[in-house]
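Asker: Sharing structure_22.pdb here; it has PDB, C-alpha atoms.
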ATOM      1  CA  MET A   1       3.878   1.475  39.608
ATOM      2  CA  ASP A   2       7.167   1.771  37.715
ATOM      3  CA  ASP A   3       6.982   2.899  34.087
ATOM      4  CA  PRO A   4       8.581   0.128  32.002
ATOM      5  CA  THR A   5       8.927   2.393  28.958
ATOM      6  CA  PRO A   6      12.642   2.852  28.199
ATOM      7  CA  THR A   7      13.715   6.475  27.931
ATOM      8  CA  VAL A   8      16.847   5.653  25.914
ATOM      9  CA  PRO A   9      16.845   3.319  22.875
ATOM     10  CA  ALA A  10      18.526   0.101  23.887
ATOM     11  CA  GLY A  11      20.986   0.040  21.038
ATOM     12  CA  ILE A  12      22.565   3.437  21.639
ATOM     13  CA  PRO A  13      25.177   2.353  24.227
ATOM     14  CA  GLU A  14      26.387  -0.418  21.903
ATOM     15  CA  LEU A  15      26.406   1.952  18.932
ATOM     16  CA  ASP A  16      28.293   4.561  20.900
ATOM     17  CA  ALA A  17      30.889   2.043  22.034
ATOM     18  CA  SER A  18      31.511   0.864  18.483
ATOM     19  CA  THR A  19      31.753   4.342  16.959
ATOM     20  CA  PRO A  20      35.363   5.375  16.244
ATOM     21  CA  ARG A  21      36.454   8.364  18.243
ATOM     22  CA  ASN A  22      37.705  11.522  16.549
ATOM     23  CA  THR A  23      41.485  11.282  16.840
ATOM     24  CA  ALA A  24      42.228  14.690  15.361
ATOM     25  CA  SER A  25      42.582  16.245  18.778
ATOM     26  CA  ARG A  26      44.298  13.272  20.439
ATOM     27  CA  ALA A  27      47.397  14.121  22.441
ATOM     28  CA  GLN A  28      50.607  12.937  20.780
ATOM     29  CA  LEU A  29      53.629  11.523  22.591
ATOM     30  CA  LEU A  30      56.869  11.019  20.674
ATOM     31  CA  ILE A  31      59.869   9.370  22.324
ATOM     32  CA  ILE A  32      63.142  10.236  20.597
ATOM     33  CA  THR A  33      66.145   8.005  21.072
ATOM     34  CA  GLY A  34      69.010   6.528  19.082
ATOM     35  CA  MET A  35      72.727   6.872  18.637
ATOM     36  CA  SER A  36      74.485   9.813  20.221
ATOM     37  CA  GLY A  37      75.535  12.138  17.406
ATOM     38  CA  ALA A  38      72.871  10.933  14.966
ATOM     39  CA  GLY A  39      70.890  14.178  14.938
ATOM     40  CA  ARG A  40      68.832  14.410  18.116
ATOM     41  CA  SER A  41      69.556  18.123  18.591
ATOM     42  CA  GLN A  42      68.398  18.995  15.070
ATOM     43  CA  THR A  43      65.311  16.829  15.548
ATOM     44  CA  VAL A  44      64.478  18.695  18.752
ATOM     45  CA  GLN A  45      64.854  22.064  17.012
ATOM     46  CA  SER A  46      62.652  20.952  14.111
ATOM     47  CA  LEU A  47      59.890  19.799  16.458
ATOM     48  CA  GLU A  48      60.074  22.987  18.506
ATOM     49  CA  ASP A  49      59.652  24.952  15.272
ATOM     50  CA  LEU A  50      56.477  22.927  14.703
ATOM     51  CA  ASP A  51      55.180  23.919  18.158
ATOM     52  CA  TRP A  52      55.919  20.645  19.945
ATOM     53  CA  TYR A  53      56.818  20.786  23.622
ATOM     54  CA  VAL A  54      60.198  19.064  23.932
ATOM     55  CA  VAL A  55      61.926  17.676  27.011
ATOM     56  CA  ASP A  56      65.557  16.609  26.567
ATOM     57  CA  ASN A  57      67.413  13.896  28.503
ATOM     58  CA  LEU A  58      64.467  12.760  30.621
ATOM     59  CA  PRO A  59      64.899   9.752  32.950
ATOM     60  CA  PRO A  60      62.592   7.013  31.580
ATOM     61  CA  ARG A  61      60.633   6.641  34.846
ATOM     62  CA  MET A  62      59.406  10.233  34.386
ATOM     63  CA  LEU A  63      57.747   9.456  31.066
ATOM     64  CA  GLN A  64      54.421   8.247  32.411
ATOM     65  CA  PRO A  65      53.841  11.115  34.896
ATOM     66  CA  LEU A  66      54.745  13.635  32.215
ATOM     67  CA  ALA A  67      52.485  11.989  29.621
ATOM     68  CA  ARG A  68      49.538  12.150  32.037
ATOM     69  CA  MET A  69      49.954  15.913  32.217
ATOM     70  CA  MET A  70      49.136  16.279  28.527
ATOM     71  CA  THR A  71      45.815  17.682  27.349
ATOM     72  CA  PRO A  72      44.264  16.899  23.948
ATOM     73  CA  GLU A  73      42.742  20.346  23.519
ATOM     74  CA  GLY A  74      42.953  23.903  24.797
ATOM     75  CA  ASP A  75      46.105  25.727  25.809
ATOM     76  CA  GLY A  76      47.838  22.773  27.440
ATOM     77  CA  VAL A  77      50.532  20.518  25.995
ATOM     78  CA  HIS A  78      49.019  18.202  23.385
ATOM     79  CA  ARG A  79      52.157  17.397  21.362
ATOM     80  CA  LEU A  80      54.991  16.202  23.567
ATOM     81  CA  ALA A  81      58.397  14.997  22.395
ATOM     82  CA  VAL A  82      60.784  13.461  24.923
ATOM     83  CA  VAL A  83      64.439  12.637  24.321
ATOM     84  CA  VAL A  84      65.585   9.540  26.224
ATOM     85  CA  ASP A  85      69.112   8.291  25.677
ATOM     86  CA  VAL A  86      72.223   6.916  27.350
ATOM     87  CA  ARG A  87      73.031  10.277  28.929
ATOM     88  CA  SER A  88      70.527   9.347  31.644
ATOM     89  CA  ARG A  89      73.145   6.791  32.807
ATOM     90  CA  SER A  90      71.802   4.095  35.136
ATOM     91  CA  PHE A  91      68.255   5.411  34.690
ATOM     92  CA  PHE A  92      68.403   4.305  31.043
ATOM     93  CA  SER A  93      68.184   0.646  32.093
ATOM     94  CA  GLU A  94      64.526   1.294  32.949
ATOM     95  CA  PHE A  95      63.635   2.326  29.383
ATOM     96  CA  MET A  96      62.180  -0.972  28.137
ATOM     97  CA  THR A  97      60.194  -1.458  31.334
ATOM     98  CA  THR A  98      58.831   2.069  31.023
ATOM     99  CA  LEU A  99      57.614   1.407  27.464
ATOM    100  CA  ASP A 100      55.748  -1.656  28.726
ATOM    101  CA  GLN A 101      54.192   0.405  31.506
ATOM    102  CA  LEU A 102      53.012   3.027  29.020
ATOM    103  CA  GLN A 103      51.263   0.310  27.031
ATOM    104  CA  GLU A 104      49.654  -1.152  30.135
ATOM    105  CA  ALA A 105      48.399   2.319  31.056
ATOM    106  CA  HIS A 106      46.921   2.710  27.549
ATOM    107  CA  ILE A 107      49.109   5.728  26.843
ATOM    108  CA  GLU A 108      49.743   5.882  23.116
ATOM    109  CA  TYR A 109      53.219   6.779  21.946
ATOM    110  CA  GLN A 110      55.667   6.449  19.084
ATOM    111  CA  VAL A 111      59.382   5.770  19.295
ATOM    112  CA  LEU A 112      61.645   7.603  16.838
ATOM    113  CA  PHE A 113      65.072   6.000  16.485
ATOM    114  CA  LEU A 114      67.910   8.020  14.928
ATOM    115  CA  ASP A 115      70.916   6.188  13.546
ATOM    116  CA  THR A 116      73.960   6.834  11.383
ATOM    117  CA  SER A 117      77.091   5.026  10.304
ATOM    118  CA  ASP A 118      80.049   4.539  12.625
ATOM    119  CA  SER A 119      82.356   6.523  10.335
ATOM    120  CA  VAL A 120      80.046   9.542  10.407
ATOM    121  CA  LEU A 121      79.697   9.323  14.193
ATOM    122  CA  VAL A 122      83.479   9.237  14.631
ATOM    123  CA  ARG A 123      83.909  12.244  12.351
ATOM    124  CA  ARG A 124      81.249  14.231  14.195
ATOM    125  CA  TYR A 125      82.780  13.522  17.600
ATOM    126  CA  GLU A 126      86.242  14.415  16.353
ATOM    127  CA  GLN A 127      84.948  17.680  14.939
ATOM    128  CA  VAL A 128      83.391  18.803  18.227
ATOM    129  CA  ARG A 129      86.238  17.297  20.302
ATOM    130  CA  ARG A 130      83.918  15.771  22.860
ATOM    131  CA  PRO A 131      83.995  12.203  24.195
ATOM    132  CA  HIS A 132      81.234   9.726  23.480
ATOM    133  CA  PRO A 133      78.971   9.271  26.556
ATOM    134  CA  LEU A 134      80.010   5.606  26.878
ATOM    135  CA  GLN A 135      83.622   5.977  25.759
ATOM    136  CA  GLY A 136      85.218   6.035  29.185
ATOM    137  CA  LYS A 137      88.995   5.820  28.776
ATOM    138  CA  GLY A 138      88.726   3.882  25.530
ATOM    139  CA  ARG A 139      88.324   4.963  21.910
ATOM    140  CA  ILE A 140      85.341   6.684  20.356
ATOM    141  CA  LEU A 141      84.536   3.446  18.528
ATOM    142  CA  ASP A 142      84.433   1.604  21.854
ATOM    143  CA  GLY A 143      81.720   3.944  23.075
ATOM    144  CA  ILE A 144      79.784   3.641  19.801
ATOM    145  CA  GLN A 145      79.857  -0.151  19.937
ATOM    146  CA  ALA A 146      78.719  -0.195  23.577
ATOM    147  CA  GLU A 147      75.838   2.132  22.745
ATOM    148  CA  ARG A 148      74.727   0.021  19.769
ATOM    149  CA  GLU A 149      74.549  -3.101  21.921
ATOM    150  CA  LEU A 150      72.553  -1.217  24.548
ATOM    151  CA  LEU A 151      70.123   0.241  21.998
ATOM    152  CA  ASN A 152      69.460  -2.853  19.852
ATOM    153  CA  PRO A 153      66.310  -3.931  21.749
ATOM    154  CA  ILE A 154      64.916  -0.393  21.588
ATOM    155  CA  ARG A 155      65.686  -0.101  17.894
ATOM    156  CA  ASP A 156      63.594  -3.215  17.298
ATOM    157  CA  ARG A 157      60.611  -1.552  18.998
ATOM    158  CA  ALA A 158      60.886   1.760  17.139
ATOM    159  CA  ASN A 159      57.920   2.916  15.079
ATOM    160  CA  ILE A 160      60.047   5.300  13.041
ATOM    161  CA  TYR A 161      63.655   4.675  11.985
ATOM    162  CA  ILE A 162      65.756   7.397  10.334
ATOM    163  CA  ASP A 163      69.308   6.844   9.091
ATOM    164  CA  THR A 164      70.961  10.280   8.942
ATOM    165  CA  THR A 165      74.251   9.125   7.406
ATOM    166  CA  ASN A 166      73.785  11.110   4.191
ATOM    167  CA  TYR A 167      71.546  13.849   5.606
ATOM    168  CA  SER A 168      72.334  17.523   5.948
ATOM    169  CA  VAL A 169      70.643  19.386   8.809
ATOM    170  CA  HIS A 170      68.066  20.655   6.310
ATOM    171  CA  ASP A 171      67.422  17.140   4.968
ATOM    172  CA  LEU A 172      66.752  15.919   8.498
ATOM    173  CA  ALA A 173      64.410  18.833   9.221
ATOM    174  CA  ARG A 174      62.409  18.013   6.091
ATOM    175  CA  LYS A 175      62.322  14.318   7.037
ATOM    176  CA  ILE A 176      60.998  15.126  10.509
ATOM    177  CA  ARG A 177      58.206  17.217   9.000
ATOM    178  CA  GLU A 178      57.384  14.367   6.640
ATOM    179  CA  VAL A 179      57.311  11.340   8.938
ATOM    180  CA  VAL A 180      56.554  12.846  12.333
ATOM    181  CA  ALA A 181      54.693  16.085  11.953
ATOM    182  CA  ASP A 182      53.039  15.209   8.626
ATOM    183  CA  GLU A 183      53.011  18.922   7.851
ATOM    184  CA  GLU A 184      54.033  21.153   4.999
ATOM    185  CA  PRO A 185      56.256  24.113   5.840
ATOM    186  CA  ASP A 186      54.379  27.257   6.772
ATOM    187  CA  GLY A 187      54.301  30.016   4.196
ATOM    188  CA  LEU A 188      57.176  32.437   3.834
ATOM    189  CA  ASN A 189      56.982  35.518   6.071
ATOM    190  CA  ILE A 190      58.496  38.530   4.306
ATOM    191  CA  THR A 191      59.259  41.869   5.921
ATOM    192  CA  VAL A 192      60.013  44.807   3.645
ATOM    193  CA  MET A 193      61.671  47.414   5.853
ATOM    194  CA  SER A 194      62.617  51.011   5.114
ATOM    195  CA  PHE A 195      65.660  52.494   6.849
ATOM    196  CA  GLY A 196      68.096  55.397   6.713
ATOM    197  CA  PHE A 197      71.732  54.720   5.858
ATOM    198  CA  LYS A 198      72.741  57.511   8.250
ATOM    199  CA  TYR A 199      71.469  55.315  11.106
ATOM    200  CA  GLY A 200      73.255  52.156   9.957
ATOM    201  CA  LEU A 201      72.249  48.973   8.153
ATOM    202  CA  PRO A 202      69.559  46.744   9.734
ATOM    203  CA  LEU A 203      71.327  43.833  11.421
ATOM    204  CA  ASP A 204      68.727  41.290  10.323
ATOM    205  CA  ALA A 205      68.526  42.261   6.629
ATOM    206  CA  ASP A 206      68.809  39.417   4.126
ATOM    207  CA  HIS A 207      68.771  41.807   1.159
ATOM    208  CA  VAL A 208      69.570  45.527   1.030
ATOM    209  CA  VAL A 209      68.203  47.857  -1.651
ATOM    210  CA  ASP A 210      69.731  51.337  -2.051
ATOM    211  CA  VAL A 211      67.289  53.949  -3.448
ATOM    212  CA  ARG A 212      69.400  57.047  -2.823
ATOM    213  CA  PHE A 213      69.783  57.525  -6.593
ATOM    214  CA  PHE A 214      66.227  58.915  -6.785
ATOM    215  CA  ALA A 215      65.632  62.654  -6.283
ATOM    216  CA  ASN A 216      65.018  63.393  -2.609
ATOM    217  CA  PRO A 217      61.598  64.852  -1.667
ATOM    218  CA  TYR A 218      63.311  66.373   1.375
ATOM    219  CA  TRP A 219      64.426  69.255  -0.832
ATOM    220  CA  VAL A 220      60.850  70.026  -1.877
ATOM    221  CA  THR A 221      59.462  72.412   0.719
ATOM    222  CA  GLU A 222      55.869  71.149   0.371
ATOM    223  CA  LEU A 223      56.967  67.537   0.893
ATOM    224  CA  ARG A 224      59.685  67.847   3.533
ATOM    225  CA  HIS A 225      57.348  67.474   6.528
ATOM    226  CA  LEU A 226      55.565  64.469   4.959
ATOM    227  CA  SER A 227      56.736  60.848   4.652
ATOM    228  CA  GLY A 228      56.735  58.186   1.969
ATOM    229  CA  LYS A 229      53.432  56.922   3.331
ATOM    230  CA  ASP A 230      51.741  60.133   2.194
ATOM    231  CA  GLU A 231      50.291  60.051  -1.300
ATOM    232  CA  ALA A 232      52.034  63.226  -2.431
ATOM    233  CA  VAL A 233      55.501  61.871  -1.545
ATOM    234  CA  ALA A 234      54.781  58.425  -2.990
ATOM    235  CA  LYS A 235      53.614  60.023  -6.245
ATOM    236  CA  TYR A 236      56.736  62.226  -6.361
ATOM    237  CA  VAL A 237      59.078  59.247  -5.906
ATOM    238  CA  LEU A 238      57.285  56.707  -8.100
ATOM    239  CA  SER A 239      56.727  59.165 -10.964
ATOM    240  CA  GLN A 240      60.471  59.646 -11.411
ATOM    241  CA  PRO A 241      61.925  58.034 -14.565
ATOM    242  CA  GLY A 242      62.599  54.332 -13.969
ATOM    243  CA  ALA A 243      61.232  54.238 -10.411
ATOM    244  CA  ARG A 244      58.367  51.813 -10.999
ATOM    245  CA  ASP A 245      60.457  49.767 -13.433
ATOM    246  CA  PHE A 246      63.213  49.481 -10.833
ATOM    247  CA  ALA A 247      60.852  48.206  -8.134
ATOM    248  CA  GLU A 248      59.017  45.832 -10.488
ATOM    249  CA  ASN A 249      62.221  44.379 -11.947
ATOM    250  CA  TYR A 250      63.660  43.888  -8.474
ATOM    251  CA  VAL A 251      60.556  42.029  -7.281
ATOM    252  CA  ASN A 252      60.505  39.847 -10.412
ATOM    253  CA  THR A 253      64.172  39.017  -9.886
ATOM    254  CA  ILE A 254      63.895  38.168  -6.197
ATOM    255  CA  ALA A 255      60.673  36.117  -6.383
ATOM    256  CA  PRO A 256      62.461  32.819  -7.296
ATOM    257  CA  VAL A 257      64.955  33.474  -4.495
ATOM    258  CA  LEU A 258      62.144  33.837  -1.987
ATOM    259  CA  ASN A 259      60.625  30.521  -3.070
ATOM    260  CA  GLY A 260      64.043  28.934  -2.594
ATOM    261  CA  TYR A 261      64.194  30.173   0.988
ATOM    262  CA  LEU A 262      60.972  28.316   1.707
ATOM    263  CA  ARG A 263      62.358  25.098   0.225
ATOM    264  CA  GLU A 264      65.394  25.458   2.470
ATOM    265  CA  LEU A 265      63.176  25.932   5.553
ATOM    266  CA  LYS A 266      64.065  29.572   6.090
ATOM    267  CA  PRO A 267      60.601  30.959   6.897
ATOM    268  CA  PHE A 268      61.507  34.589   7.655
ATOM    269  CA  VAL A 269      63.109  36.977   5.163
ATOM    270  CA  THR A 270      63.814  40.699   5.500
ATOM    271  CA  ILE A 271      64.300  43.020   2.533
ATOM    272  CA  ALA A 272      65.710  46.364   3.657
ATOM    273  CA  VAL A 273      65.167  49.421   1.459
ATOM    274  CA  GLY A 274      67.359  52.374   2.344
ATOM    275  CA  CYS A 275      67.654  56.067   1.593
ATOM    276  CA  THR A 276      69.531  58.780   3.467
ATOM    277  CA  GLY A 277      67.199  59.346   6.414
ATOM    278  CA  GLY A 278      64.608  56.577   6.034
ATOM    279  CA  ARG A 279      61.673  58.971   5.737
ATOM    280  CA  HIS A 280      60.750  59.618   2.106
ATOM    281  CA  ARG A 281      62.220  57.564  -0.763
ATOM    282  CA  SER A 282      62.797  54.291   1.085
ATOM    283  CA  VAL A 283      59.338  54.361   2.645
ATOM    284  CA  ALA A 284      57.609  54.968  -0.699
ATOM    285  CA  ILE A 285      59.579  52.241  -2.526
ATOM    286  CA  CYS A 286      59.147  49.878   0.450
ATOM    287  CA  GLU A 287      55.359  50.193   0.330
ATOM    288  CA  TYR A 288      55.291  49.763  -3.457
ATOM    289  CA  MET A 289      57.509  46.647  -3.359
ATOM    290  CA  ALA A 290      55.322  45.137  -0.649
ATOM    291  CA  LYS A 291      52.258  45.719  -2.847
ATOM    292  CA  LEU A 292      53.950  43.984  -5.793
ATOM    293  CA  LEU A 293      54.980  41.011  -3.641
ATOM    294  CA  ARG A 294      51.431  40.616  -2.296
ATOM    295  CA  GLU A 295      50.206  40.503  -5.883
ATOM    296  CA  LYS A 296      52.467  37.454  -6.293
ATOM    297  CA  ASP A 297      50.692  35.829  -3.309
ATOM    298  CA  PHE A 298      53.510  36.310  -0.809
ATOM    299  CA  SER A 299      52.713  37.102   2.815
ATOM    300  CA  VAL A 300      54.275  40.521   3.392
ATOM    301  CA  ARG A 301      54.430  43.045   6.212
ATOM    302  CA  THR A 302      56.072  46.458   6.069
ATOM    303  CA  ALA A 303      58.135  48.133   8.751
ATOM    304  CA  HIS A 304      59.688  51.596   8.801
ATOM    305  CA  ARG A 305      62.616  51.496  11.180
ATOM    306  CA  ASP A 306      63.685  55.126  11.122
ATOM    307  CA  LEU A 307      60.457  56.899  10.291
ATOM    308  CA  GLY A 308      59.934  59.671  12.845
ATOM    309  CA  LYS A 309      63.591  60.075  13.818
ATOM    310  CA  GLU A 310      63.849  63.386  12.008
TER     311      GLU A 310
END
Translate the structure of the given file into C-alpha cells.
Answerer:
Amino acid sequence: MDDPTPTVPAGIPELDASTPRNTASRAQLLIITGMSGAGRSQTVQSLEDLDWYVVDNLPPRMLQPLARMMTPEGDGVHRLAVVVDVRSRSFFSEFMTTLDQLQEAHIEYQVLFLDTSDSVLVRRYEQVRRPHPLQGKGRILDGIQAERELLNPIRDRANIYIDTTNYSVHDLARKIREVVADEEPDGLNITVMSFGFKYGLPLDADHVVDVRFFANPYWVTELRHLSGKDEAVAKYVLSQPGARDFAENYVNTIAPVLNGYLRELKPFVTIAVGCTGGRHRSVAICEYMAKLLREKDFSVRTAHRDLGKE
C-alpha cells in the first residue's frame, strides 16, 4: 500500500519559484557601441582596469555564443564587455537581430552608447590623420553622417548613453566607474623604494628624495657591513640632527599630493629615496617614511632596489 503522506510540504515549490534569486553573482554582459571616435578605446581600458574581460570589434553573430561561455562564479569570465561597431562592416547589419536573439534566449545584457558632437569627432580624426570607417572617398563629415543614420535605431535601444563632448579621458574613466561598474576607485598603492645614485635613478619613480646630505654609516667600521634595515644603522641615521623632522615634513607635504593621484585615477605611486650606494641611509629613511605613511592610513610597501649590490 502506498504511503499517502507527503514528504515535502506542498507549498515549497511555489515559494521557491516566487523567491527572488541572489543577483550578486550574476554574470554581466555589456555591449559597447556608438560613434567612432567617441571614446570606445578609453572605455575599454577603464573596464579592463576594473577586471572586465573585453573583446573589441566582435561580429554581432558571435555575441550569443560568447555570452554562453560566461560563468557567474569561480575563475571563469563573469563580467564581459564586447565592442560592436561599424568596423565589422557587413556583419554590423546583423546587430539589431542579434539583440533580439539575446532577449529570446533570456541572456541579460546592457547596451552602452558613446556619442559626441560632430565638431569634436572631426577634430579628433584630423589630429590622428586617419579616415572615418565610413568616409570612403568623401569628407570626414560624410562618414560621420552615414554612421549616425546607421546607429540611430541602436541608440534608441541603449540602456546607457554617454555624451563625451566635454569629457577628458579621466572624466570618461570616472563616468564608466560610476554608471557601469558602480565601483569606487581602489585605494592608492604606494611603493617607497631605496636606491643608490651610483646605479642610476629608478625609471618608474614619481618622486625622488636625495638623502646624501646625512652622514654616511659606511664610514663607521661597526656599521659598514650592516644595512639600513638593521636597528643600529637606522638609529645612527635617524638620530642625526633634522633626520626625523626631514622625513616627517616630507610625508606631511606629499600626503595631499598622494590623495590627488587617487582622484585622478593614478593608483600606483613610487617614491624613490636615494643615497650613494642604496644600502644604509636611503634604506633607513625609506623604512621610516613608509611607517609614517601607514600611520596616515595609506597602503604602502617598501622595496630596496640596490641592497646587496655591495
Asker: Near Phe298 (chain A), within 8 Å and counting all atoms listed in the file, which residues show up once chain neighbours fewer than 6 positions away are dropped, as JSON, numbers by chain?
Answerer: {"A": [188, 189, 190]}
Asker: Identify all residues satisfying the PyMOL selection byres ((chain A and resi 54) around 6) in the given file; provide them as a list in words.
Answerer: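 Answer for the PyMOL selection byres ((chain A and resi 54) around 6): Tyr53, Val55, Leu80, Ala81 and Val82 of chain A.
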Asker: Evaluate the PyMOL selection byres ((chain A and resi 115-121) around 9) and record the selected residues as a compact mmCIF listing (two decimals) with C-alpha atoms, in the frame of the given file, following the chain and residue labels used in the document.
Answerer:
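The resulting out00.txt:
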# COMPACT_ATOMS: atom_id res chain seq x y z
CA GLY A 34 69.01 6.53 19.08
CA MET A 35 72.73 6.87 18.64
CA SER A 36 74.48 9.81 20.22
CA GLY A 37 75.54 12.14 17.41
CA ALA A 38 72.87 10.93 14.97
CA GLY A 39 70.89 14.18 14.94
CA PHE A 113 65.07 6.00 16.48
CA LEU A 114 67.91 8.02 14.93
CA VAL A 122 83.48 9.24 14.63
CA ARG A 123 83.91 12.24 12.35
CA ARG A 124 81.25 14.23 14.20
CA TYR A 125 82.78 13.52 17.60
CA GLU A 126 86.24 14.42 16.35
CA ILE A 140 85.34 6.68 20.36
CA LEU A 141 84.54 3.45 18.53
CA ILE A 144 79.78 3.64 19.80
CA GLN A 145 79.86 -0.15 19.94
CA TYR A 161 63.66 4.68 11.98
CA ILE A 162 65.76 7.40 10.33
CA ASP A 163 69.31 6.84 9.09
CA THR A 164 70.96 10.28 8.94
CA THR A 165 74.25 9.12 7.41
CA ASN A 166 73.78 11.11 4.19
Asker: Calculated over all atoms listed in the file, which of the candidates A:Ile31, A:Ala205, A:Met62, A:Leu265 has the smallest distance to Asp49 (chain A)?
Answerer: A:Leu265
Asker: Fewer than 4 positions away in the same chain doesn't count, so skip those; otherwise give me all residues within 12 Å of Phe95 (chain A), counting all atoms listed in the file, as a ChimeraX atom specification.
Answerer: /A:31-33,58-64,83-86,88-91,99-102,111,150-151,153-155,157
Asker: Restricted to C-alpha atoms, what would the selected residues look like written as a PDB file, in the coordinates of the input?
Answerer:
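The resulting file, again.pdb, is shown below:
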ATOM      1  CA  ILE A  31      59.869   9.370  22.324  1.00  0.00           C
ATOM      2  CA  ILE A  32      63.142  10.236  20.597  1.00  0.00           C
ATOM      3  CA  THR A  33      66.145   8.005  21.072  1.00  0.00           C
ATOM      4  CA  LEU A  58      64.467  12.760  30.621  1.00  0.00           C
ATOM      5  CA  PRO A  59      64.899   9.752  32.950  1.00  0.00           C
ATOM      6  CA  PRO A  60      62.592   7.013  31.580  1.00  0.00           C
ATOM      7  CA  ARG A  61      60.633   6.641  34.846  1.00  0.00           C
ATOM      8  CA  MET A  62      59.406  10.233  34.386  1.00  0.00           C
ATOM      9  CA  LEU A  63      57.747   9.456  31.066  1.00  0.00           C
ATOM     10  CA  GLN A  64      54.421   8.247  32.411  1.00  0.00           C
ATOM     11  CA  VAL A  83      64.439  12.637  24.321  1.00  0.00           C
ATOM     12  CA  VAL A  84      65.585   9.540  26.224  1.00  0.00           C
ATOM     13  CA  ASP A  85      69.112   8.291  25.677  1.00  0.00           C
ATOM     14  CA  VAL A  86      72.223   6.916  27.350  1.00  0.00           C
ATOM     15  CA  SER A  88      70.527   9.347  31.644  1.00  0.00           C
ATOM     16  CA  ARG A  89      73.145   6.791  32.807  1.00  0.00           C
ATOM     17  CA  SER A  90      71.802   4.095  35.136  1.00  0.00           C
ATOM     18  CA  PHE A  91      68.255   5.411  34.690  1.00  0.00           C
ATOM     19  CA  LEU A  99      57.614   1.407  27.464  1.00  0.00           C
ATOM     20  CA  ASP A 100      55.748  -1.656  28.726  1.00  0.00           C
ATOM     21  CA  GLN A 101      54.192   0.405  31.506  1.00  0.00           C
ATOM     22  CA  LEU A 102      53.012   3.027  29.020  1.00  0.00           C
ATOM     23  CA  VAL A 111      59.382   5.770  19.295  1.00  0.00           C
ATOM     24  CA  LEU A 150      72.553  -1.217  24.548  1.00  0.00           C
ATOM     25  CA  LEU A 151      70.123   0.241  21.998  1.00  0.00           C
ATOM     26  CA  PRO A 153      66.310  -3.931  21.749  1.00  0.00           C
ATOM     27  CA  ILE A 154      64.916  -0.393  21.588  1.00  0.00           C
ATOM     28  CA  ARG A 155      65.686  -0.101  17.894  1.00  0.00           C
ATOM     29  CA  ARG A 157      60.611  -1.552  18.998  1.00  0.00           C
TER      30      ARG A 157
END
Asker: What do you get, as a PyMOL selection string, if you spell out every residue that the PyMOL selection byres ((chain A and resi 176) around 12) selects here?
Answerer: chain A and resi 30+32+39-40+42-50+112-114+160-164+167+169-175+177-185
Asker: So what do you get for CA of Asn252 (chain A) versus CA of Asp297 (chain A), distance-wise?
Answerer: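 Atom-to-atom, CA of Asn252 (chain A) to CA of Asp297 (chain A), that is 12.8 Å.
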Asker: Would you please work out which residue, of A:Thr221, A:Arg130, A:His78, A:Gly274, is nearest to Pro202 (chain A) when using only C-alpha atoms?
Answerer: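 Of A:Thr221, A:Arg130, A:His78, A:Gly274, the one nearest Pro202 (chain A), counting only C-alpha atoms, is A:Gly274.
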Asker: As an exercise, work out the distance from CA of Cys286 (chain A) to CA of Pro267 (chain A) in Å and give it to one decimal place.
Answerer: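 Distance reported for this atom pair: 20.0 Å.
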Asker: If we count only C-alpha atoms, what is near region 306-308 of chain A at a cut-off of 9 Å, once residues fewer than 3 positions away on the same chain are taken out, given as an NGL selection string?
Answerer: :A and (194-196 or 199 or 227 or 277-280 or 283)
Asker: For a quick check of understanding, using all atoms listed in the file, which of A:Glu264, A:Glu287, A:Glu108, A:Asp204 has the smallest distance to Asp230 (chain A)?
Answerer: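 Going through A:Glu264, A:Glu287, A:Glu108, A:Asp204 one by one, the smallest distance to Asp230 (chain A) is for A:Glu287.
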Asker: What does the distance between CA of Phe92 (chain A) and CA of Ala158 (chain A) come to in Å, to one decimal place?
Answerer: 16.0 Å
